[in-house]
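*Asks:* Below is the file model01.cif, with mmCIF, C-alpha atoms.
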```cif
data_structure
loop_
_atom_site.group_PDB
_atom_site.id
_atom_site.type_symbol
_atom_site.label_atom_id
_atom_site.label_comp_id
_atom_site.auth_asym_id
_atom_site.auth_seq_id
_atom_site.Cartn_x
_atom_site.Cartn_y
_atom_site.Cartn_z
ATOM 1 C CA MET T 231 202.092 113.145 136.367
ATOM 2 C CA LYS T 232 200.098 115.793 134.641
ATOM 3 C CA ALA T 233 196.345 115.875 134.829
ATOM 4 C CA SER T 234 195.980 115.590 131.039
ATOM 5 C CA GLU T 235 198.141 112.463 130.989
ATOM 6 C CA THR T 236 196.141 110.978 133.856
ATOM 7 C CA ALA T 237 192.892 111.647 132.056
ATOM 8 C CA SER T 238 194.124 109.941 128.929
ATOM 9 C CA ILE T 239 194.823 106.621 130.679
ATOM 10 C CA PRO T 240 191.169 105.467 131.049
ATOM 11 C CA SER T 241 190.382 106.296 127.443
ATOM 12 C CA THR T 242 193.381 104.257 126.308
ATOM 13 C CA ASN T 243 192.312 101.309 128.438
ATOM 14 C CA GLN T 244 188.790 101.553 127.073
ATOM 15 C CA SER T 245 190.046 101.496 123.462
ATOM 16 C CA MET T 246 192.183 98.433 124.200
ATOM 17 C CA THR T 247 189.154 96.723 125.731
ATOM 18 C CA VAL T 248 187.092 97.476 122.606
ATOM 19 C CA VAL T 249 189.830 96.025 120.383
ATOM 20 C CA LYS T 250 189.973 92.856 122.476
ATOM 21 C CA LYS T 251 186.189 92.492 122.291
ATOM 22 C CA LYS T 252 186.357 92.836 118.509
ATOM 23 C CA GLN T 253 189.093 90.206 118.346
ATOM 24 C CA ARG T 254 187.181 87.644 120.390
ATOM 25 C CA PRO T 255 184.450 86.917 117.772
ATOM 26 C CA PHE T 256 187.165 86.530 115.137
ATOM 27 C CA MET T 257 189.104 84.067 117.303
ATOM 28 C CA ARG T 258 185.895 82.171 118.033
ATOM 29 C CA LYS T 259 185.136 81.865 114.317
ATOM 30 C CA LEU T 260 188.726 80.799 113.688
ATOM 31 C CA SER T 261 188.432 78.139 116.345
ATOM 32 C CA LYS T 262 185.039 77.025 115.061
ATOM 33 C CA TYR T 263 186.247 76.484 111.509
ATOM 34 C CA LYS T 264 189.805 75.355 112.299
ATOM 35 C CA TRP T 265 189.321 71.882 110.804
ATOM 36 C CA LEU T 266 187.860 73.296 107.600
ATOM 37 C CA LEU T 267 190.765 75.735 107.380
ATOM 38 C CA LEU T 268 193.168 72.859 107.979
ATOM 39 C CA MET T 269 191.598 70.979 105.066
ATOM 40 C CA THR T 270 192.290 73.949 102.786
ATOM 41 C CA LEU T 271 195.947 74.069 103.829
ATOM 42 C CA PRO T 272 197.224 71.560 101.206
ATOM 43 C CA GLY T 273 195.497 73.528 98.436
ATOM 44 C CA ILE T 274 196.963 76.810 99.729
ATOM 45 C CA ILE T 275 200.448 75.295 99.895
ATOM 46 C CA TYR T 276 200.112 73.895 96.368
ATOM 47 C CA LEU T 277 198.855 77.263 95.074
ATOM 48 C CA PHE T 278 201.759 79.066 96.725
ATOM 49 C CA ILE T 279 204.415 76.660 95.416
ATOM 50 C CA ASN T 280 202.964 76.206 91.923
ATOM 51 C CA ASN T 281 201.656 79.716 91.206
ATOM 52 C CA TYR T 282 203.351 82.306 93.387
ATOM 53 C CA ILE T 283 206.945 81.169 93.886
ATOM 54 C CA PRO T 284 207.619 80.899 90.108
ATOM 55 C CA MET T 285 206.370 84.478 89.618
ATOM 56 C CA TYR T 286 209.870 85.822 90.184
ATOM 57 C CA GLY T 287 210.626 84.402 86.737
ATOM 58 C CA ILE T 288 208.738 87.361 85.244
ATOM 59 C CA ILE T 289 212.061 89.219 85.154
ATOM 60 C CA LEU T 290 213.195 86.814 82.412
ATOM 61 C CA ALA T 291 210.895 88.702 80.032
ATOM 62 C CA PHE T 292 213.083 91.777 80.510
ATOM 63 C CA LYS T 293 216.478 90.054 80.306
ATOM 64 C CA ASN T 294 218.761 88.735 77.607
ATOM 65 C CA TYR T 295 219.041 85.400 79.349
ATOM 66 C CA ASN T 296 222.068 83.168 79.029
ATOM 67 C CA TYR T 297 222.702 79.948 80.895
ATOM 68 C CA VAL T 298 226.206 80.900 82.068
ATOM 69 C CA ASP T 299 225.232 84.016 84.037
ATOM 70 C CA GLY T 300 221.868 82.722 85.240
ATOM 71 C CA ILE T 301 218.729 84.729 85.892
ATOM 72 C CA TRP T 302 220.178 87.501 88.008
ATOM 73 C CA GLY T 303 223.505 87.751 86.189
ATOM 74 C CA SER T 304 222.072 88.011 82.679
ATOM 75 C CA PRO T 305 222.016 91.547 81.189
ATOM 76 C CA TRP T 306 218.796 93.512 81.058
ATOM 77 C CA ALA T 307 217.105 93.720 77.651
ATOM 78 C CA GLY T 308 214.300 96.129 78.455
ATOM 79 C CA PHE T 309 211.336 95.567 76.147
ATOM 80 C CA ASP T 310 213.386 93.988 73.340
ATOM 81 C CA ASN T 311 211.823 90.571 73.961
ATOM 82 C CA PHE T 312 208.359 92.056 73.546
ATOM 83 C CA LYS T 313 209.447 93.816 70.341
ATOM 84 C CA PHE T 314 210.715 90.515 68.950
ATOM 85 C CA LEU T 315 207.406 88.856 69.831
ATOM 86 C CA PHE T 316 205.174 91.502 68.271
ATOM 87 C CA GLN T 317 207.392 92.072 65.235
ATOM 88 C CA SER T 318 207.318 88.378 64.413
ATOM 89 C CA PRO T 319 205.295 87.601 61.251
ATOM 90 C CA ASP T 320 203.347 85.024 63.258
ATOM 91 C CA ALA T 321 202.249 87.472 65.993
ATOM 92 C CA TYR T 322 198.961 88.366 64.318
ATOM 93 C CA ILE T 323 198.174 84.771 63.333
ATOM 94 C CA ILE T 324 198.762 83.264 66.776
ATOM 95 C CA THR T 325 196.809 86.032 68.537
ATOM 96 C CA ARG T 326 193.922 85.752 66.069
ATOM 97 C CA ASN T 327 193.784 81.973 66.378
ATOM 98 C CA THR T 328 193.926 82.025 70.168
ATOM 99 C CA VAL T 329 191.183 84.622 70.584
ATOM 100 C CA LEU T 330 188.805 83.304 67.921
ATOM 101 C CA TYR T 331 189.105 79.697 69.058
ATOM 102 C CA ASN T 332 188.419 80.653 72.670
ATOM 103 C CA VAL T 333 185.408 82.749 71.684
ATOM 104 C CA ALA T 334 184.036 79.765 69.757
ATOM 105 C CA PHE T 335 184.810 77.374 72.631
ATOM 106 C CA ILE T 336 183.150 79.598 75.248
ATOM 107 C CA SER T 337 179.957 80.236 73.269
ATOM 108 C CA ILE T 338 179.463 76.734 71.839
ATOM 109 C CA ASN T 339 180.390 74.882 75.027
ATOM 110 C CA LEU T 340 178.105 77.124 77.084
ATOM 111 C CA VAL T 341 175.074 76.313 74.932
ATOM 112 C CA LEU T 342 175.850 72.599 74.739
ATOM 113 C CA SER T 343 176.609 72.318 78.471
ATOM 114 C CA LEU T 344 173.313 73.950 79.435
ATOM 115 C CA PHE T 345 171.463 71.747 76.961
ATOM 116 C CA VAL T 346 173.027 68.571 78.369
ATOM 117 C CA ALA T 347 172.416 69.688 81.968
ATOM 118 C CA LEU T 348 168.754 70.383 81.227
ATOM 119 C CA LEU T 349 168.382 66.974 79.585
ATOM 120 C CA MET T 350 169.975 65.230 82.569
ATOM 121 C CA ASN T 351 167.597 67.065 84.862
ATOM 122 C CA GLU T 352 164.679 65.404 83.061
ATOM 123 C CA ILE T 353 165.993 61.919 83.903
ATOM 124 C CA LYS T 354 164.132 60.757 87.003
ATOM 125 C CA ASP T 355 165.828 57.369 87.507
ATOM 126 C CA LYS T 356 168.869 57.945 89.760
ATOM 127 C CA VAL T 357 170.851 54.991 88.429
ATOM 128 C CA ILE T 358 170.441 56.060 84.807
ATOM 129 C CA SER T 359 171.157 59.681 85.750
ATOM 130 C CA ARG T 360 174.447 58.715 87.421
ATOM 131 C CA PHE T 361 175.368 56.561 84.427
ATOM 132 C CA TYR T 362 174.902 59.500 82.080
ATOM 133 C CA GLN T 363 176.834 61.801 84.405
ATOM 134 C CA SER T 364 179.774 59.392 84.414
ATOM 135 C CA THR T 365 179.546 58.971 80.648
ATOM 136 C CA PHE T 366 179.597 62.708 79.980
ATOM 137 C CA LEU T 367 182.428 63.275 82.468
ATOM 138 C CA LEU T 368 184.649 60.497 81.079
ATOM 139 C CA PRO T 369 186.096 62.475 78.110
ATOM 140 C CA HIS T 370 187.205 65.252 80.468
ATOM 141 C CA ILE T 371 189.537 62.950 82.407
ATOM 142 C CA ILE T 372 191.061 61.268 79.350
ATOM 143 C CA SER T 373 194.604 62.373 78.575
ATOM 144 C CA MET T 374 194.975 64.590 75.529
ATOM 145 C CA VAL T 375 197.572 62.170 74.159
ATOM 146 C CA ILE T 376 194.914 59.456 74.054
ATOM 147 C CA VAL T 377 192.449 61.936 72.523
ATOM 148 C CA ALA T 378 195.018 62.714 69.816
ATOM 149 C CA TYR T 379 195.225 59.050 68.821
ATOM 150 C CA LEU T 380 191.452 58.681 68.966
ATOM 151 C CA VAL T 381 191.157 61.576 66.518
ATOM 152 C CA TYR T 382 193.874 60.005 64.397
ATOM 153 C CA SER T 383 191.905 56.759 64.245
ATOM 154 C CA PHE T 384 189.055 58.742 62.701
ATOM 155 C CA LEU T 385 191.061 60.978 60.364
ATOM 156 C CA ASN T 386 193.875 58.721 59.213
ATOM 157 C CA VAL T 387 194.121 58.861 55.415
ATOM 158 C CA GLU T 388 194.445 55.126 54.859
ATOM 159 C CA ASN T 389 192.460 53.431 57.622
ATOM 160 C CA GLY T 390 190.601 56.274 59.318
ATOM 161 C CA LEU T 391 186.937 55.665 60.041
ATOM 162 C CA VAL T 392 185.812 58.903 58.364
ATOM 163 C CA ASN T 393 187.724 58.205 55.159
ATOM 164 C CA ARG T 394 186.475 54.624 55.066
ATOM 165 C CA LEU T 395 182.911 55.889 55.283
ATOM 166 C CA LEU T 396 183.548 58.473 52.581
ATOM 167 C CA VAL T 397 184.940 55.823 50.257
ATOM 168 C CA ASP T 398 182.516 52.982 50.996
ATOM 169 C CA LEU T 399 179.251 54.897 51.333
ATOM 170 C CA PHE T 400 179.690 58.045 49.265
ATOM 171 C CA HIS T 401 182.450 56.928 46.874
ATOM 172 C CA ILE T 402 184.464 60.075 47.656
ATOM 173 C CA ASP T 403 188.258 60.128 47.551
ATOM 174 C CA PRO T 404 189.939 60.033 50.976
ATOM 175 C CA ILE T 405 190.730 63.424 52.493
ATOM 176 C CA ALA T 406 194.246 64.214 53.686
ATOM 177 C CA TRP T 407 193.085 65.689 56.979
ATOM 178 C CA TYR T 408 196.565 66.295 58.369
ATOM 179 C CA SER T 409 197.669 68.211 55.279
ATOM 180 C CA ASN T 410 194.699 70.550 54.767
ATOM 181 C CA PRO T 411 194.330 73.331 57.396
ATOM 182 C CA ASP T 412 190.841 74.354 56.228
ATOM 183 C CA TYR T 413 189.125 71.510 58.091
ATOM 184 C CA TRP T 414 190.839 71.957 61.433
ATOM 185 C CA PRO T 415 188.855 74.840 62.940
ATOM 186 C CA TYR T 416 185.837 72.528 62.858
ATOM 187 C CA VAL T 417 187.808 69.496 64.049
ATOM 188 C CA LEU T 418 189.274 71.357 67.031
ATOM 189 C CA ILE T 419 185.910 72.835 68.030
ATOM 190 C CA ILE T 420 184.288 69.383 67.926
ATOM 191 C CA VAL T 421 187.107 67.768 69.919
ATOM 192 C CA ASN T 422 187.081 70.545 72.521
ATOM 193 C CA ALA T 423 183.297 70.299 72.902
ATOM 194 C CA TRP T 424 183.445 66.505 73.205
ATOM 195 C CA LYS T 425 186.087 66.766 75.917
ATOM 196 C CA GLY T 426 184.861 69.774 77.882
ATOM 197 C CA VAL T 427 181.063 69.932 77.660
ATOM 198 C CA GLY T 428 180.482 67.094 80.135
ATOM 199 C CA TYR T 429 182.439 68.754 82.953
ATOM 200 C CA SER T 430 180.560 72.057 82.653
ATOM 201 C CA ALA T 431 177.271 70.204 82.277
ATOM 202 C CA ILE T 432 177.839 68.427 85.606
ATOM 203 C CA ILE T 433 178.386 71.804 87.314
ATOM 204 C CA TYR T 434 175.222 73.251 85.789
ATOM 205 C CA PHE T 435 173.305 70.093 86.650
ATOM 206 C CA ALA T 436 174.409 70.380 90.292
ATOM 207 C CA ALA T 437 173.116 73.954 90.332
ATOM 208 C CA ILE T 438 169.812 72.914 88.750
ATOM 209 C CA ILE T 439 169.062 70.133 91.244
ATOM 210 C CA GLY T 440 169.614 72.641 94.042
ATOM 211 C CA ILE T 441 166.592 74.676 92.920
ATOM 212 C CA ASP T 442 163.548 74.338 95.161
ATOM 213 C CA LYS T 443 161.002 71.987 93.562
ATOM 214 C CA GLU T 444 158.136 74.190 94.764
ATOM 215 C CA TYR T 445 158.900 76.652 91.959
ATOM 216 C CA TYR T 446 158.249 73.967 89.350
ATOM 217 C CA GLU T 447 155.171 72.663 91.165
ATOM 218 C CA ALA T 448 153.655 76.150 91.250
ATOM 219 C CA ALA T 449 154.523 76.676 87.584
ATOM 220 C CA THR T 450 152.927 73.342 86.648
ATOM 221 C CA ILE T 451 149.739 74.267 88.493
ATOM 222 C CA ASP T 452 149.662 77.561 86.579
ATOM 223 C CA GLY T 453 149.950 75.620 83.328
ATOM 224 C CA ALA T 454 153.506 76.627 82.411
ATOM 225 C CA SER T 455 155.153 74.453 79.767
ATOM 226 C CA LYS T 456 158.614 72.899 80.117
ATOM 227 C CA TRP T 457 160.046 75.613 77.913
ATOM 228 C CA ARG T 458 158.635 78.417 80.085
ATOM 229 C CA GLN T 459 159.808 76.647 83.235
ATOM 230 C CA MET T 460 163.284 76.448 81.770
ATOM 231 C CA THR T 461 163.420 80.080 80.611
ATOM 232 C CA ARG T 462 161.585 81.656 83.583
ATOM 233 C CA ILE T 463 162.809 79.486 86.471
ATOM 234 C CA THR T 464 165.840 77.315 85.710
ATOM 235 C CA LEU T 465 168.064 79.658 83.716
ATOM 236 C CA PRO T 466 167.479 82.785 85.874
ATOM 237 C CA LEU T 467 168.193 80.858 89.085
ATOM 238 C CA ILE T 468 171.441 79.344 87.832
ATOM 239 C CA ALA T 469 172.540 82.616 86.223
ATOM 240 C CA PRO T 470 175.218 83.221 88.928
ATOM 241 C CA VAL T 471 176.848 79.866 88.121
ATOM 242 C CA ILE T 472 176.690 80.565 84.372
ATOM 243 C CA THR T 473 178.213 84.000 84.904
ATOM 244 C CA THR T 474 181.015 82.664 87.111
ATOM 245 C CA LEU T 475 182.072 79.944 84.679
ATOM 246 C CA THR T 476 181.865 82.353 81.745
ATOM 247 C CA LEU T 477 183.985 84.959 83.531
ATOM 248 C CA LEU T 478 186.608 82.344 84.380
ATOM 249 C CA ALA T 479 186.642 81.264 80.743
ATOM 250 C CA VAL T 480 186.971 84.870 79.554
ATOM 251 C CA SER T 481 189.934 85.363 81.895
ATOM 252 C CA GLY T 482 191.854 82.766 79.889
ATOM 253 C CA ILE T 483 190.881 83.944 76.434
ATOM 254 C CA LEU T 484 194.541 84.440 75.468
ATOM 255 C CA ARG T 485 195.495 80.985 76.701
ATOM 256 C CA SER T 486 194.989 77.768 74.811
ATOM 257 C CA ASP T 487 194.971 74.078 75.590
ATOM 258 C CA PHE T 488 198.457 73.037 74.524
ATOM 259 C CA GLY T 489 197.489 69.402 74.053
ATOM 260 C CA LEU T 490 194.524 70.301 71.862
ATOM 261 C CA PHE T 491 196.522 72.512 69.500
ATOM 262 C CA TYR T 492 199.814 70.617 69.508
ATOM 263 C CA GLN T 493 199.129 66.936 70.087
ATOM 264 C CA VAL T 494 195.778 66.491 68.362
ATOM 265 C CA PRO T 495 197.063 67.928 65.010
ATOM 266 C CA MET T 496 200.176 65.743 65.503
ATOM 267 C CA ASN T 497 202.388 68.871 65.257
ATOM 268 C CA SER T 498 201.813 68.937 61.524
ATOM 269 C CA GLY T 499 203.592 71.859 59.869
ATOM 270 C CA ALA T 500 200.956 72.078 57.147
ATOM 271 C CA LEU T 501 198.295 72.892 59.748
ATOM 272 C CA MET T 502 200.176 75.798 61.338
ATOM 273 C CA PRO T 503 197.963 78.557 59.868
ATOM 274 C CA THR T 504 194.928 77.263 61.788
ATOM 275 C CA THR T 505 196.454 75.371 64.742
ATOM 276 C CA ASN T 506 199.295 77.644 65.856
ATOM 277 C CA THR T 507 198.401 79.594 69.020
ATOM 278 C CA ILE T 508 200.385 81.624 71.526
ATOM 279 C CA ASP T 509 201.121 78.594 73.710
ATOM 280 C CA THR T 510 202.318 76.395 70.863
ATOM 281 C CA PHE T 511 204.330 79.313 69.451
ATOM 282 C CA VAL T 512 206.080 79.770 72.798
ATOM 283 C CA TYR T 513 206.814 76.057 73.030
ATOM 284 C CA ARG T 514 208.286 75.921 69.537
ATOM 285 C CA ALA T 515 210.331 79.049 70.244
ATOM 286 C CA MET T 516 211.762 77.339 73.304
ATOM 287 C CA ILE T 517 212.517 74.080 71.495
ATOM 288 C CA GLN T 518 213.802 75.461 68.200
ATOM 289 C CA LEU T 519 215.365 78.794 69.198
ATOM 290 C CA GLY T 520 215.999 78.304 72.907
ATOM 291 C CA ASP T 521 214.866 81.905 73.429
ATOM 292 C CA ILE T 522 213.742 81.949 77.054
ATOM 293 C CA GLY T 523 213.389 85.739 77.158
ATOM 294 C CA MET T 524 210.949 85.867 74.255
ATOM 295 C CA SER T 525 208.974 82.926 75.649
ATOM 296 C CA SER T 526 208.720 84.677 79.024
ATOM 297 C CA ALA T 527 207.617 87.886 77.297
ATOM 298 C CA ALA T 528 204.789 85.971 75.618
ATOM 299 C CA GLY T 529 203.731 84.568 78.976
ATOM 300 C CA VAL T 530 203.726 88.026 80.586
ATOM 301 C CA TYR T 531 201.739 89.372 77.633
ATOM 302 C CA GLN T 532 199.147 86.622 78.073
ATOM 303 C CA SER T 533 198.843 87.171 81.817
ATOM 304 C CA ALA T 534 198.548 90.964 81.542
ATOM 305 C CA VAL T 535 195.839 90.847 78.873
ATOM 306 C CA CYS T 536 193.909 88.124 80.720
ATOM 307 C CA PHE T 537 194.067 90.181 83.920
ATOM 308 C CA VAL T 538 192.660 93.227 82.158
ATOM 309 C CA LEU T 539 189.951 91.141 80.505
ATOM 310 C CA ILE T 540 188.746 89.560 83.746
ATOM 311 C CA LEU T 541 188.606 92.993 85.407
ATOM 312 C CA GLY T 542 186.667 94.458 82.493
ATOM 313 C CA ALA T 543 184.271 91.521 82.223
ATOM 314 C CA ASN T 544 183.645 91.539 85.959
ATOM 315 C CA LEU T 545 183.033 95.300 85.908
ATOM 316 C CA ALA T 546 180.466 94.863 83.134
ATOM 317 C CA VAL T 547 178.706 92.144 85.121
ATOM 318 C CA ARG T 548 178.689 94.330 88.257
ATOM 319 C CA LYS T 549 176.908 97.090 86.368
ATOM 320 C CA ILE T 550 174.255 94.646 85.155
ATOM 321 C CA ASN T 551 173.854 92.563 88.313
ATOM 322 C CA LYS T 552 176.225 93.084 91.232
ATOM 323 C CA GLN T 553 175.313 89.780 92.865
ATOM 324 C CA ASN T 554 176.568 87.761 89.873
ATOM 325 C CA SER T 555 180.039 89.336 89.803
ATOM 326 C CA LEU T 556 183.130 87.539 91.049
ATOM 327 C CA PHE T 557 184.370 90.453 93.180
#
```
Could you render the structure as structure tokens?
*Replies:*
Amino acid sequence: MKASETASIPSTNQSMTVVKKKQRPFMRKLSKYKWLLLMTLPGIIYLFINNYIPMYGIILAFKNYNYVDGIWGSPWAGFDNFKFLFQSPDAYIITRNTVLYNVAFISINLVLSLFVALLMNEIKDKVISRFYQSTFLLPHIISMVIVAYLVYSFLNVENGLVNRLLVDLFHIDPIAWYSNPDYWPYVLIIVNAWKGVGYSAIIYFAAIIGIDKEYYEAATIDGASKWRQMTRITLPLIAPVITTLTLLAVSGILRSDFGLFYQVPMNSGALMPTTNTIDTFVYRAMIQLGDIGMSSAAGVYQSAVCFVLILGANLAVRKINKQNSLF
């Protein structure tokens, strides 16, 4: 054996020893948190089955799919499905509706959720506080089908509560709510806020109660009002939670709640100009035309734009405050 080869043996053994030493802390941490990791296993399996395995279906957006040949046997269509989507006369309307509704939902729900969370924080009785938390959370867990019929009980032309009030109190003719699209931007915003504000408010409330009470005690001693305590202590300290929820909402700005835009308007054709979004358009294309390729192209379009938006929004947040960014 050559001298150079002999000299290289100790250095190799030393490097292997260093690698083993580096691996030991990792294995210790893995062993320490093994039960917590085991608890996350069902969620990881669900995420893999529900989100990652179906991703191979992306190729449908680039194929002229037919049921006889199947996914892999169907001929390639290139970007023809995307051309059909964007050349459709409804492309601008559905994109406009989806984006504008989500912008309204994000901004209005953010303000209302923070307002509700701050009000709940002022309730000192634990029993009453839990009652209000349950009350605000209840709409979030109600099925959208039930919400659709609740809205219908208010807006029905003949026996709806709103029309009865208009007739009995103000002597105004009943309004055909399900035939006039002008009212539905307001209706959908109200329904979405009623259903979603409570859930976000609970998250913000959990962040607020985690703030050290000494901050408020010191502010009270200094004579700070409730408004100054809210603007100088509460909101800055829960800013990371606000930023995270807002970024997650921005990431889905091209997605819409199918139940809200399809079931609540009762799939009324007269309301299409203000209730038709990308998701409902894709569903109707599937049901009426059976065009799987175009529907898949719309889904890929949504995912790509949402991915770019979340990257851009997160980059903007990183430049302002790196600690509040998602990644």
*Asks:* Excluding Val387 of chain T and residues on its chain fewer than 4 positions from it, collect all residues at most 12 Å away from it, counting all atoms listed in the file, and give them as a ChimeraX atom specification.
*Replies:* /T:381-383,391-397,403-410
*Asks:* Assuming the chain letters and numbering stay as they are in my file, what does the PyMOL selection byres ((chain T and resi 346) around 12) actually select? List them as a PyMOL selection string.
*Replies:* chain T and resi 339-345+347-353+359+362-363+365-367+423-424+426-435+438
*Asks:* Would you pick out the contacts of segment 540-554 of chain T at 12 Å or less, using all atoms listed in the file, so that residues sharing its chain but fewer than 3 positions from it are not included, and give the list as a short mmCIF file (atom, residue, chain, number, x, y, z; two decimals) with C-alpha atoms, in the frame of the given file?
*Replies:*
```cif
data_model
loop_
_atom_site.label_atom_id
_atom_site.label_comp_id
_atom_site.auth_asym_id
_atom_site.auth_seq_id
_atom_site.Cartn_x
_atom_site.Cartn_y
_atom_site.Cartn_z
CA PRO T 466 167.48 82.78 85.87
CA LEU T 467 168.19 80.86 89.08
CA ILE T 468 171.44 79.34 87.83
CA ALA T 469 172.54 82.62 86.22
CA PRO T 470 175.22 83.22 88.93
CA VAL T 471 176.85 79.87 88.12
CA ILE T 472 176.69 80.56 84.37
CA THR T 473 178.21 84.00 84.90
CA THR T 474 181.02 82.66 87.11
CA LEU T 475 182.07 79.94 84.68
CA THR T 476 181.86 82.35 81.74
CA LEU T 477 183.98 84.96 83.53
CA LEU T 478 186.61 82.34 84.38
CA ALA T 479 186.64 81.26 80.74
CA VAL T 480 186.97 84.87 79.55
CA SER T 481 189.93 85.36 81.90
CA GLY T 482 191.85 82.77 79.89
CA ILE T 483 190.88 83.94 76.43
CA LEU T 484 194.54 84.44 75.47
CA SER T 533 198.84 87.17 81.82
CA ALA T 534 198.55 90.96 81.54
CA VAL T 535 195.84 90.85 78.87
CA CYS T 536 193.91 88.12 80.72
CA PHE T 537 194.07 90.18 83.92
CA PHE T 557 184.37 90.45 93.18
#
```
*Asks:* Could you check which of T:Arg326, T:Leu501, T:Thr464, T:Met496 is closest to Pro411 of chain T, using only C-alpha atoms?
*Replies:* T:Leu501
*Asks:* Evaluate the PyMOL selection byres ((chain T and resi 303-317) around 9) on the structure here and hand back the selected residues as a list in words.
*Replies:*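 On the file shown, the PyMOL selection byres ((chain T and resi 303-317) around 9) covers Ile289, Leu290, Ala291, Phe292, Lys293, Asn294, Tyr295, Asn296, Tyr297, Val298, Asp299, Gly300, Ile301, Trp302, Ser318, Pro319, Asp320, Ala321, Tyr322, Gly523, Met524, Ser525, Ser526, Ala527, Ala528 and Tyr531 of chain T.
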*Asks:* Take every atom of segment 396-410 of chain T listed in the file, pad by 3 Å on each side, and give me the axis-aligned box centre and edge lengths in Å, one decimal, as lines of an AutoDock Vina configuration file.
*Replies:*
```
center_x = 188.5
center_y = 61.8
center_z = 52.6
size_x = 24.4
size_y = 23.6
size_z = 17.5
```
*Asks:* Could you jot down the atom CA of Ser498 of chain T to atom CA of Pro369 of chain T separation for me, Å, one decimal place?
*Replies:*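 According to the coordinates, atom CA of Ser498 of chain T and atom CA of Pro369 of chain T are separated by 23.7 Å.
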*Asks:* Which residues would end up in the selection if the PyMOL selection byres ((chain T and resi 508) around 10) were applied here, given that I need the answer as a PyMOL selection string?
*Replies:* chain T and resi 320-329+484-486+488+506-507+509-514+525+528-529+531-532
*Asks:* Counting all atoms listed in the file, what is within 8 Å of Gln493 of chain T, bar same-chain residues fewer than 3 positions away, as a PyMOL selection string?
*Replies:* chain T and resi 374-375+378+488-490+496-497
*Asks:* For Tyr446 of chain T, work out the shell of residues within 10 Å, counting only C-alpha atoms and skipping chain neighbours fewer than 5 positions away, then give it as a PyMOL selection string.
*Replies:* chain T and resi 441+451-452+454+456+459-460+463-464
*Asks:* Just how far from atom CA of Val417 of chain T is atom CA of Phe384 of chain T, in Å to one decimal?
*Replies:* 10.9 Å
*Asks:* T:Leu260, T:His401, T:Ile419, T:Phe361: which is nearest Val333 of chain T, counting only C-alpha atoms?
*Replies:*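 For Val333 of chain T, the nearest of the candidates is T:Ile419.
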*Asks:* What does the distance between atom CA of Ser373 of chain T and atom CA of Val494 of chain T come to in Å, to one decimal place?
*Replies:* 11.1 Å
*Asks:* With N, CA, C and O atoms as the goal, would you fill in the gaps in segment 289-298 of chain T and present it as a PDB file, keeping the file's coordinate frame?
*Replies:*
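Just written: result_36.pdb:
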```pdb
ATOM      1  N   ILE T 289     210.938  88.356  85.554  1.00  0.00           N
ATOM      2  CA  ILE T 289     212.061  89.219  85.154  1.00  0.00           C
ATOM      3  C   ILE T 289     212.775  88.666  83.913  1.00  0.00           C
ATOM      4  O   ILE T 289     213.472  89.403  83.220  1.00  0.00           O
ATOM      5  N   LEU T 290     212.575  87.380  83.613  1.00  0.00           N
ATOM      6  CA  LEU T 290     213.195  86.814  82.412  1.00  0.00           C
ATOM      7  C   LEU T 290     212.687  87.501  81.144  1.00  0.00           C
ATOM      8  O   LEU T 290     213.391  87.541  80.135  1.00  0.00           O
ATOM      9  N   ALA T 291     211.453  88.017  81.198  1.00  0.00           N
ATOM     10  CA  ALA T 291     210.895  88.702  80.032  1.00  0.00           C
ATOM     11  C   ALA T 291     211.635  89.990  79.722  1.00  0.00           C
ATOM     12  O   ALA T 291     211.537  90.504  78.600  1.00  0.00           O
ATOM     13  N   PHE T 292     212.379  90.513  80.688  1.00  0.00           N
ATOM     14  CA  PHE T 292     213.083  91.777  80.510  1.00  0.00           C
ATOM     15  C   PHE T 292     214.603  91.589  80.508  1.00  0.00           C
ATOM     16  O   PHE T 292     215.344  92.551  80.691  1.00  0.00           O
ATOM     17  N   LYS T 293     215.043  90.338  80.290  1.00  0.00           N
ATOM     18  CA  LYS T 293     216.478  90.054  80.306  1.00  0.00           C
ATOM     19  C   LYS T 293     216.895  89.305  79.054  1.00  0.00           C
ATOM     20  O   LYS T 293     216.108  88.578  78.445  1.00  0.00           O
ATOM     21  N   ASN T 294     218.144  89.515  78.682  1.00  0.00           N
ATOM     22  CA  ASN T 294     218.761  88.735  77.607  1.00  0.00           C
ATOM     23  C   ASN T 294     219.428  87.530  78.260  1.00  0.00           C
ATOM     24  O   ASN T 294     220.618  87.516  78.538  1.00  0.00           O
ATOM     25  N   TYR T 295     218.605  86.507  78.497  1.00  0.00           N
ATOM     26  CA  TYR T 295     219.041  85.400  79.349  1.00  0.00           C
ATOM     27  C   TYR T 295     220.100  84.532  78.669  1.00  0.00           C
ATOM     28  O   TYR T 295     219.984  84.208  77.488  1.00  0.00           O
ATOM     29  N   ASN T 296     221.112  84.186  79.457  1.00  0.00           N
ATOM     30  CA  ASN T 296     222.068  83.168  79.029  1.00  0.00           C
ATOM     31  C   ASN T 296     222.330  82.233  80.201  1.00  0.00           C
ATOM     32  O   ASN T 296     222.277  82.632  81.369  1.00  0.00           O
ATOM     33  N   TYR T 297     222.619  80.996  79.888  1.00  0.00           N
ATOM     34  CA  TYR T 297     222.702  79.948  80.895  1.00  0.00           C
ATOM     35  C   TYR T 297     223.949  80.081  81.777  1.00  0.00           C
ATOM     36  O   TYR T 297     223.976  79.556  82.893  1.00  0.00           O
ATOM     37  N   VAL T 298     224.964  80.771  81.298  1.00  0.00           N
ATOM     38  CA  VAL T 298     226.206  80.900  82.068  1.00  0.00           C
ATOM     39  C   VAL T 298     226.007  81.846  83.247  1.00  0.00           C
ATOM     40  O   VAL T 298     226.383  81.544  84.389  1.00  0.00           O
TER      41      VAL T 298
END
```
